[in-house]
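Structure first, commentary second.
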Amino acid sequence: MRVVVMGTGYVGLVAGACFSDSGNHVTCLDVDQDKVSSLKQGRIPIFEPGLEEMVVRNSKAGRLIFSTDFKTHLENASVIFIAVGTPSESDGRANLSYVFKAADSIKQYLQHDAIVVMKSTVPVGTNDAVRKRLEGCPRVLDVVSNPEFLKEGTAINDFLRPERVILGVRTQRAKEIMQDLYAPFVRSGNPVLTMSPQSAELAKYAANSFLALKISFINEMGLIAEKVGADINEVRQGIITDTRIGNKFLYPGCGYGGSCFPKDVLALIDLGKQQEVPMALFESVHRINERQKKVAFEKLSRHFKNSWKGRTVAIWGLSFKPMTDDMREAPAVTLIQQLLDAGCKVKAYDPVANHEAKRMFESKIELYDNAYDAAKGADALAILTEWNEFRSPDFEGLKEQMNEACIFDGRNIFNPETARRHGFAYYCIGRPDSL
C-alpha cells in the first residue's frame, strides 16, 4: 500500500519504519526540514532499540522515504496516518492544533481515494472533529481511530507483535483496508478489535490510566508500609499471586513519567470535567504521582537535616525508564530542580539520556560518561532509573569515591542489607530506612 505518516515523532517514526518493513511503500512527512534531512542520512532523533537499523534498511530498499513535500505525497496516498504531537495544555487539555493542521493539509492536497487514520493519542470526539473538518473532501473514505500501545524501549517488538490492534471504523471498506495493513503483524492470532471511533479513543486513555493507577497504588502502599514497619516487596509478593491482580506495573518507585501516562491521565480528568463526570479516582492518581516524585528529596533532606550548604548529590539514571532517552516528566527532573533550588551541586550520569539533560539543564548540572565519575566526591547518590548496569555496583569502590556513604534507591534495585553491610546509609521506597 501507499502509506503516508504525518509526523516523525516517536509514534510516527516507529509506525513508518514497521509498515515499510512489511513491504509497504511509506512516506513520513514532517514540517521540520532539519529533522527530515537528518532522517534521510539515517540519523535517528530518539533512542529506541532496533529503530535505527530498521530505518536505514528500509530507506536503502526504497520502501521508506522522508519528506517535507506534503502536496506530492498526499495526492496519491491510500492510507494516511496522523501521528503528530498532542501536548498537554496547562489545564491538562490536549492541544489538537497539530492534528487539525494535518487534516487541513489532507483536505487541500488529497487527489486519490484514501482513509485517514488517527494514530495520535487524542481525546474522545477528536475523530468526529477531524471528520467534520474534512467535509468537502470526497476522496476521504473514512476517518479511522487506531490508537498506539507502544512501550518505549520495546516499541519495535510491540508494533511487530501487538497484543491487540484496535480499529475504530465506520465503514466496511475501511475495516478491510486496515485489516489487510495489519495482517502481517497478527499472524499468530492476536486480536484485531473493531469498534466505534469513540470507543477506540477512550480505550487508549483507559489502558494508560489504569496502568498509572496500578503504579500509584503500589507507591501509596509503599508509603504506609514504611510507617508501619512493613516491607512493600513482601507485601507485593502477597498480592501478585492473585490472578485477578497480576504482577505487572506493581513495582514501587519514585513515580511514573514519560510522554504517555502523565498526559493521558490529565486528559482523562479534563474529559470528565467537560462531561460533568468528575474523575476523582484519576485526580488522586495524579496527585499521588506528583507527591511520589518528591520522596527522594524529602528523604535526603531528613538525612542531611535540611542542611544543603556545600552538598553534592550524584544521580544515576535520568530517563523516566530504562532503554529510552526520554526525560519528559521523569522523576529525575523533579529531583534535580529541587536540589538546584536548595543550592545543591548536582552530578549525573545516564547511559543514553545525557544529551537530553544537557538540553534541559544546560550548565546547571555536571554530566559524566561514567557512573563512578559522577559519584566521585558526592555526599549522596540517588538512583532514579533501573538501568541494568546499576544493579550490581562495586560498593567498596563506590564508597571510597564518595564523600559520604549515602544512597537513595528510588527503584529498590539493591538489597538493603547488602548496602548497609558495606557501610552505606540506605534509603528506598516502602522498606525500612536506615536509622
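Just so we're on the same page: first chain in the C-alpha cells is A, next is B, and so on; residues restart at 1 for each chain, and ligands are numbered from 1 in the order they show up.
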- Mind checking which residues fall within 10 Å of Val235 of chain A, counting only C-alpha atoms, ignoring those fewer than 2 positions away in the same chain, and posting them as a list in words? Ile218, Met221, Gly222, Ala225, Ala230, Asp231, Ile232, Asn233, Gln237, Gly238, Ile239, Ile240 and Gly430 of chain A
Could you dump the residues just selected with C-alpha atoms as an mmCIF file, in the first residue's frame?
```cif
data_model
loop_
_atom_site.group_PDB
_atom_site.id
_atom_site.type_symbol
_atom_site.label_atom_id
_atom_site.label_comp_id
_atom_site.auth_asym_id
_atom_site.auth_seq_id
_atom_site.Cartn_x
_atom_site.Cartn_y
_atom_site.Cartn_z
ATOM 1 C CA ILE A 218 1.759 0.357 44.915
ATOM 2 C CA MET A 221 1.008 1.260 49.736
ATOM 3 C CA GLY A 222 4.771 1.720 49.968
ATOM 4 C CA ALA A 225 4.433 0.217 54.627
ATOM 5 C CA ALA A 230 6.339 -3.491 56.688
ATOM 6 C CA ASP A 231 8.372 -4.292 53.571
ATOM 7 C CA ILE A 232 6.493 -3.371 50.398
ATOM 8 C CA ASN A 233 8.351 -6.052 48.425
ATOM 9 C CA GLN A 237 4.559 -10.885 46.828
ATOM 10 C CA GLY A 238 1.483 -11.380 48.939
ATOM 11 C CA ILE A 239 -0.855 -9.899 46.344
ATOM 12 C CA ILE A 240 0.581 -10.623 42.895
ATOM 13 C CA GLY A 430 8.365 1.107 51.056
#
```
- Query: Quick one: DSSP alpha helix (DSSP H) residues in segment 15-180 of chain A, as a VMD selection string?
  - Reply: chain A and resid 15 to 21 33 to 40 51 to 60 70 to 75 97 to 109 126 to 133 155 to 160 172 to 180
- Message: Report, in Å to a single decimal, how far apart atom CA of Phe395 of chain A and atom CA of Arg421 of chain A are.
- Response: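 So the answer is 9.7 Å.
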- Fewer than 2 positions away in the same chain doesn't count, so skip those; otherwise give me all residues within 12 Å of Ile46 of chain A, counting only C-alpha atoms, as a VMD selection string. chain A and resid 8 to 14 35 38 to 39 42 to 44 48 to 52 152 to 153 155 323 to 327 352 to 353 355 to 356
- For Glu290 of chain A, please output as a PyMOL selection string all residues within 12 Å (counting only C-alpha atoms; exclusion window: fewer than 2 positions along the same chain). chain A and resi 212+216+219-220+254-257+262+283-288+292-296+329-331+333-335
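Nearest residue to Leu281 of chain A, choosing from A:Asn58, A:Ser209, A:Asn247, A:Thr171 and counting only C-alpha atoms: A:Ser209.
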- Item | Residues within 8 Å of Gly343 of chain A, only C-alpha atoms, excluding chain neighbours under 2 positions, as a PyMOL selection string | chain A and resi 308-310+339-341+345
Would you write out those residues with all heavy atoms, as a PDB file, in the first residue's frame?
```pdb
ATOM      1  N   TRP A 308      21.739  21.942  53.273  1.00  0.00           N
ATOM      2  CA  TRP A 308      22.201  21.641  51.922  1.00  0.00           C
ATOM      3  C   TRP A 308      23.453  22.421  51.516  1.00  0.00           C
ATOM      4  O   TRP A 308      23.999  22.208  50.442  1.00  0.00           O
ATOM      5  CB  TRP A 308      21.090  21.938  50.915  1.00  0.00           C
ATOM      6  CG  TRP A 308      19.980  20.940  50.966  1.00  0.00           C
ATOM      7  CD1 TRP A 308      18.758  21.072  51.557  1.00  0.00           C
ATOM      8  CD2 TRP A 308      20.006  19.620  50.417  1.00  0.00           C
ATOM      9  NE1 TRP A 308      18.020  19.930  51.408  1.00  0.00           N
ATOM     10  CE2 TRP A 308      18.753  19.018  50.707  1.00  0.00           C
ATOM     11  CE3 TRP A 308      20.956  18.880  49.708  1.00  0.00           C
ATOM     12  CZ2 TRP A 308      18.433  17.728  50.310  1.00  0.00           C
ATOM     13  CZ3 TRP A 308      20.653  17.595  49.312  1.00  0.00           C
ATOM     14  CH2 TRP A 308      19.397  17.032  49.616  1.00  0.00           C
ATOM     15  N   LYS A 309      23.909  23.302  52.381  1.00  0.00           N
ATOM     16  CA  LYS A 309      25.055  24.135  52.030  1.00  0.00           C
ATOM     17  C   LYS A 309      26.287  23.272  51.761  1.00  0.00           C
ATOM     18  O   LYS A 309      26.695  22.456  52.582  1.00  0.00           O
ATOM     19  CB  LYS A 309      25.357  25.121  53.159  1.00  0.00           C
ATOM     20  CG  LYS A 309      26.458  26.123  52.798  1.00  0.00           C
ATOM     21  CD  LYS A 309      26.670  27.135  53.904  1.00  0.00           C
ATOM     22  CE  LYS A 309      27.765  28.135  53.525  1.00  0.00           C
ATOM     23  NZ  LYS A 309      27.987  29.133  54.616  1.00  0.00           N
ATOM     24  N   GLY A 310      26.872  23.448  50.578  1.00  0.00           N
ATOM     25  CA  GLY A 310      28.082  22.729  50.215  1.00  0.00           C
ATOM     26  C   GLY A 310      27.872  21.276  49.826  1.00  0.00           C
ATOM     27  O   GLY A 310      28.843  20.543  49.612  1.00  0.00           O
ATOM     28  N   LEU A 339      16.929  20.021  44.056  1.00  0.00           N
ATOM     29  CA  LEU A 339      18.299  20.142  44.545  1.00  0.00           C
ATOM     30  C   LEU A 339      18.920  21.479  44.156  1.00  0.00           C
ATOM     31  O   LEU A 339      19.591  22.129  44.969  1.00  0.00           O
ATOM     32  CB  LEU A 339      19.145  18.992  44.002  1.00  0.00           C
ATOM     33  CG  LEU A 339      18.801  17.595  44.530  1.00  0.00           C
ATOM     34  CD1 LEU A 339      19.570  16.530  43.748  1.00  0.00           C
ATOM     35  CD2 LEU A 339      19.082  17.473  46.016  1.00  0.00           C
ATOM     36  N   LEU A 340      18.703  21.893  42.923  1.00  0.00           N
ATOM     37  CA  LEU A 340      19.244  23.179  42.474  1.00  0.00           C
ATOM     38  C   LEU A 340      18.630  24.328  43.268  1.00  0.00           C
ATOM     39  O   LEU A 340      19.336  25.271  43.663  1.00  0.00           O
ATOM     40  CB  LEU A 340      18.991  23.366  40.981  1.00  0.00           C
ATOM     41  CG  LEU A 340      19.744  22.428  40.029  1.00  0.00           C
ATOM     42  CD1 LEU A 340      19.303  22.669  38.590  1.00  0.00           C
ATOM     43  CD2 LEU A 340      21.255  22.591  40.167  1.00  0.00           C
ATOM     44  N   ASP A 341      17.325  24.249  43.504  1.00  0.00           N
ATOM     45  CA  ASP A 341      16.656  25.296  44.283  1.00  0.00           C
ATOM     46  C   ASP A 341      17.196  25.367  45.706  1.00  0.00           C
ATOM     47  O   ASP A 341      17.184  26.435  46.343  1.00  0.00           O
ATOM     48  CB  ASP A 341      15.142  25.046  44.319  1.00  0.00           C
ATOM     49  CG  ASP A 341      14.481  25.269  42.965  1.00  0.00           C
ATOM     50  OD1 ASP A 341      15.117  25.898  42.093  1.00  0.00           O
ATOM     51  OD2 ASP A 341      13.347  24.805  42.775  1.00  0.00           O
ATOM     52  N   LYS A 345      24.846  21.112  44.589  1.00  0.00           N
ATOM     53  CA  LYS A 345      25.519  20.779  43.338  1.00  0.00           C
ATOM     54  C   LYS A 345      25.036  19.415  42.861  1.00  0.00           C
ATOM     55  O   LYS A 345      24.904  18.482  43.659  1.00  0.00           O
ATOM     56  CB  LYS A 345      27.026  20.757  43.541  1.00  0.00           C
ATOM     57  CG  LYS A 345      27.841  20.441  42.295  1.00  0.00           C
ATOM     58  CD  LYS A 345      29.335  20.458  42.616  1.00  0.00           C
ATOM     59  CE  LYS A 345      30.167  20.098  41.406  1.00  0.00           C
ATOM     60  NZ  LYS A 345      31.620  20.105  41.723  1.00  0.00           N
TER      61      LYS A 345
END
```
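With only C-alpha atoms as the atoms that count, the minimum distance from Asn354 of chain A to the choices A:Pro432, A:Ala342, A:Leu318, A:Ala332 is reached by A:Leu318.
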- Task: Would you kindly return, as a PyMOL selection string, each protein, DNA or RNA residue with an atom no farther than 12 Å from any atom of Pro123 of chain A, considering only C-alpha atoms and excluding same-chain residues fewer than 2 positions away?
- Result: chain A and resi 86-88+92-96+99+118-121+125-130+145+147+197-206+263-272+274
Written file, previous selection with N, CA and C atoms, as a compact mmCIF listing (two decimals), in the first residue's frame:
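result15.txt was written with the following content:
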```
# COMPACT_ATOMS: atom_id res chain seq x y z
N THR A 86 0.34 15.78 20.51
CA THR A 86 -0.85 16.36 21.16
C THR A 86 -0.46 16.73 22.59
N PRO A 87 0.42 17.72 22.76
CA PRO A 87 0.92 18.05 24.10
C PRO A 87 -0.17 18.58 25.02
N SER A 88 0.07 18.45 26.30
CA SER A 88 -0.91 18.93 27.29
C SER A 88 -0.82 20.43 27.45
N GLY A 92 -4.34 20.66 31.43
CA GLY A 92 -4.43 19.23 31.19
C GLY A 92 -5.08 18.86 29.87
N ARG A 93 -5.69 19.81 29.21
CA ARG A 93 -6.37 19.53 27.95
C ARG A 93 -5.35 19.29 26.83
N ALA A 94 -5.65 18.33 25.96
CA ALA A 94 -4.74 18.02 24.85
C ALA A 94 -4.80 19.12 23.79
N ASN A 95 -3.64 19.55 23.35
CA ASN A 95 -3.53 20.55 22.29
C ASN A 95 -3.67 19.84 20.95
N LEU A 96 -4.75 20.11 20.23
CA LEU A 96 -5.05 19.42 18.97
C LEU A 96 -4.71 20.24 17.73
N VAL A 99 -2.98 18.29 15.00
CA VAL A 99 -3.90 17.34 14.38
C VAL A 99 -4.74 18.04 13.32
N MET A 118 -6.31 8.14 12.61
CA MET A 118 -5.83 8.87 13.77
C MET A 118 -4.93 7.94 14.59
N LYS A 119 -3.63 8.19 14.55
CA LYS A 119 -2.67 7.42 15.36
C LYS A 119 -2.25 8.20 16.60
N SER A 120 -2.35 9.51 16.54
CA SER A 120 -2.06 10.32 17.71
C SER A 120 -3.03 9.99 18.83
N THR A 121 -2.56 10.11 20.06
CA THR A 121 -3.45 9.94 21.21
C THR A 121 -4.28 11.21 21.37
N GLY A 125 -13.91 12.19 20.75
CA GLY A 125 -14.58 13.21 19.97
C GLY A 125 -13.69 13.83 18.91
N THR A 126 -12.38 13.58 18.99
CA THR A 126 -11.46 14.15 18.00
C THR A 126 -11.69 13.55 16.62
N ASN A 127 -11.97 12.27 16.56
CA ASN A 127 -12.25 11.65 15.27
C ASN A 127 -13.41 12.35 14.59
N ASP A 128 -14.47 12.61 15.33
CA ASP A 128 -15.62 13.34 14.76
C ASP A 128 -15.21 14.73 14.29
N ALA A 129 -14.38 15.40 15.09
CA ALA A 129 -13.95 16.76 14.75
C ALA A 129 -13.11 16.76 13.47
N VAL A 130 -12.23 15.78 13.33
CA VAL A 130 -11.40 15.69 12.12
C VAL A 130 -12.27 15.36 10.92
N SER A 145 -9.94 5.51 13.88
CA SER A 145 -9.15 5.68 15.10
C SER A 145 -8.38 4.40 15.37
N PRO A 147 -5.51 3.67 17.93
CA PRO A 147 -4.57 4.08 18.99
C PRO A 147 -3.35 3.18 19.05
N PRO A 197 -15.31 4.66 16.67
CA PRO A 197 -14.17 5.55 16.93
C PRO A 197 -14.14 6.07 18.36
N GLN A 198 -15.32 6.36 18.92
CA GLN A 198 -15.35 6.86 20.29
C GLN A 198 -14.81 5.83 21.27
N SER A 199 -15.19 4.57 21.08
CA SER A 199 -14.69 3.52 21.97
C SER A 199 -13.19 3.33 21.82
N ALA A 200 -12.70 3.41 20.58
CA ALA A 200 -11.27 3.26 20.34
C ALA A 200 -10.49 4.38 21.01
N GLU A 201 -10.99 5.60 20.91
CA GLU A 201 -10.32 6.74 21.54
C GLU A 201 -10.28 6.57 23.05
N LEU A 202 -11.39 6.16 23.64
CA LEU A 202 -11.44 6.03 25.09
C LEU A 202 -10.63 4.83 25.57
N ALA A 203 -10.55 3.77 24.77
CA ALA A 203 -9.78 2.59 25.16
C ALA A 203 -8.32 2.93 25.41
N LYS A 204 -7.77 3.82 24.61
CA LYS A 204 -6.38 4.23 24.79
C LYS A 204 -6.18 4.89 26.15
N TYR A 205 -7.05 5.85 26.47
CA TYR A 205 -6.94 6.54 27.75
C TYR A 205 -7.21 5.59 28.91
N ALA A 206 -8.17 4.69 28.73
CA ALA A 206 -8.50 3.74 29.80
C ALA A 206 -7.30 2.85 30.11
N LYS A 263 0.34 12.65 30.64
CA LYS A 263 -0.52 13.39 29.71
C LYS A 263 -1.91 12.76 29.60
N ASP A 264 -1.96 11.44 29.53
CA ASP A 264 -3.24 10.76 29.32
C ASP A 264 -4.11 10.80 30.56
N VAL A 265 -3.51 10.71 31.74
CA VAL A 265 -4.30 10.83 32.98
C VAL A 265 -4.92 12.23 33.06
N LEU A 266 -4.13 13.26 32.76
CA LEU A 266 -4.66 14.63 32.80
C LEU A 266 -5.75 14.82 31.75
N ALA A 267 -5.56 14.22 30.58
CA ALA A 267 -6.57 14.36 29.54
C ALA A 267 -7.88 13.68 29.94
N LEU A 268 -7.79 12.55 30.62
CA LEU A 268 -8.99 11.86 31.07
C LEU A 268 -9.70 12.67 32.15
N ILE A 269 -8.93 13.29 33.02
CA ILE A 269 -9.52 14.17 34.04
C ILE A 269 -10.24 15.34 33.37
N ASP A 270 -9.62 15.91 32.35
CA ASP A 270 -10.24 17.02 31.64
C ASP A 270 -11.51 16.58 30.92
N LEU A 271 -11.49 15.39 30.31
CA LEU A 271 -12.68 14.88 29.65
C LEU A 271 -13.83 14.75 30.64
N GLY A 272 -13.51 14.27 31.85
CA GLY A 272 -14.54 14.15 32.87
C GLY A 272 -15.15 15.50 33.23
N GLN A 274 -15.35 18.09 31.27
CA GLN A 274 -16.19 18.54 30.15
C GLN A 274 -17.54 17.84 30.14
```
- Query: Which neighbours of Phe304 of chain A fall inside 12 Å, counting only C-alpha atoms, when residues of the same chain fewer than 6 positions from it are skipped, and could you give them as a PyMOL selection string?
  - Reply: chain A and resi 297-298+310-313+344+379-380+404+406+425
Next, write the just-selected residues to a file, as a CSV table (one decimal), in the first residue's frame, keeping N, CA, C and O atoms as the atom set.
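Done, and the output landed in selection.csv:
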```
chain,number,residue,atom,x,y,z
A,297,PHE,N,13.8,13.8,47.5
A,297,PHE,CA,14.3,15.0,48.1
A,297,PHE,C,13.9,15.0,49.6
A,297,PHE,O,14.8,15.4,50.4
A,298,GLU,N,12.7,14.6,50.0
A,298,GLU,CA,12.3,14.6,51.4
A,298,GLU,C,13.2,13.7,52.2
A,298,GLU,O,13.6,14.0,53.3
A,310,GLY,N,26.9,23.4,50.6
A,310,GLY,CA,28.1,22.7,50.2
A,310,GLY,C,27.9,21.3,49.8
A,310,GLY,O,28.8,20.5,49.6
A,311,ARG,N,26.6,20.9,49.7
A,311,ARG,CA,26.3,19.5,49.4
A,311,ARG,C,26.4,19.2,47.9
A,311,ARG,O,26.1,20.0,47.1
A,312,THR,N,26.8,17.9,47.6
A,312,THR,CA,26.8,17.5,46.2
A,312,THR,C,26.0,16.1,46.2
A,312,THR,O,26.3,15.2,47.0
A,313,VAL,N,25.1,16.0,45.2
A,313,VAL,CA,24.3,14.8,45.1
A,313,VAL,C,24.6,14.3,43.7
A,313,VAL,O,24.5,15.0,42.7
A,344,CYS,N,22.2,23.0,46.0
A,344,CYS,CA,23.0,21.8,46.0
A,344,CYS,C,23.6,21.6,44.6
A,344,CYS,O,23.0,22.0,43.6
A,379,ASP,N,28.0,13.6,48.3
A,379,ASP,CA,27.6,13.4,49.6
A,379,ASP,C,26.4,12.3,49.6
A,379,ASP,O,26.1,11.8,50.7
A,380,ALA,N,25.8,12.1,48.5
A,380,ALA,CA,24.7,11.2,48.4
A,380,ALA,C,24.6,10.7,46.9
A,380,ALA,O,24.9,11.5,46.0
A,404,GLU,N,30.5,11.0,51.3
A,404,GLU,CA,29.7,10.4,52.4
A,404,GLU,C,28.9,9.2,51.8
A,404,GLU,O,28.4,9.2,50.7
A,406,CYS,N,26.1,7.5,51.3
A,406,CYS,CA,24.6,7.6,51.4
A,406,CYS,C,24.0,7.3,50.1
A,406,CYS,O,24.4,7.9,49.1
A,425,ALA,N,24.5,4.4,54.4
A,425,ALA,CA,23.1,4.8,54.9
A,425,ALA,C,22.2,4.6,53.6
A,425,ALA,O,22.5,5.1,52.6
```
- Message: Based on the backbone DSSP call, show me all residues of segment 178-345 of chain A assigned strand (DSSP E), as a list in words.
- Response: Val192, Leu193, Thr194, Met195, Thr312, Val313, Ala314, Ile315, Trp316 and Lys345 of chain A
- Message: Report, in Å with one decimal, the straight-line distance from atom CA of Arg161 of chain A to atom CA of Val186 of chain A.
- Response: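 Result for atom CA of Arg161 of chain A versus atom CA of Val186 of chain A: 6.7 Å, one decimal.
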- Message: What's the separation between atom CA of Lys299 of chain A and atom CA of Phe414 of chain A, in Å to one decimal place?
- Response: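 That distance, rounded to one decimal, is 16.9 Å.
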Using only C-alpha atoms, what table do you get, as JSON lines, when you list each residue of segment 177-234 of chain A with an atom no more than 12 Å from segment 105-115 of chain A, its nearest pair of atoms, and their distance in Å rounded to one decimal, rows by chain then rising number?
```
{"residue": "A:Ile177", "atom": "CA", "partner": "A:Ile115", "partner_atom": "CA", "distance": 8.5}
{"residue": "A:Met178", "atom": "CA", "partner": "A:Ile115", "partner_atom": "CA", "distance": 9.1}
{"residue": "A:Leu181", "atom": "CA", "partner": "A:Ile115", "partner_atom": "CA", "distance": 11.9}
```
Next, the residues of the selection above should be written as a PDB file, in the first residue's frame with N, CA and C atoms.
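Result file is again-v3.pdb:
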```pdb
ATOM      1  N   ILE A 177      -9.411  -2.490   4.655  1.00  0.00           N
ATOM      2  CA  ILE A 177      -8.096  -1.916   4.348  1.00  0.00           C
ATOM      3  C   ILE A 177      -7.174  -2.019   5.561  1.00  0.00           C
ATOM      4  N   MET A 178      -7.689  -1.664   6.724  1.00  0.00           N
ATOM      5  CA  MET A 178      -6.872  -1.683   7.933  1.00  0.00           C
ATOM      6  C   MET A 178      -6.510  -3.109   8.339  1.00  0.00           C
ATOM      7  N   LEU A 181      -3.704  -4.144   6.153  1.00  0.00           N
ATOM      8  CA  LEU A 181      -2.463  -3.465   6.514  1.00  0.00           C
ATOM      9  C   LEU A 181      -1.805  -4.111   7.731  1.00  0.00           C
TER      10      LEU A 181
END
```
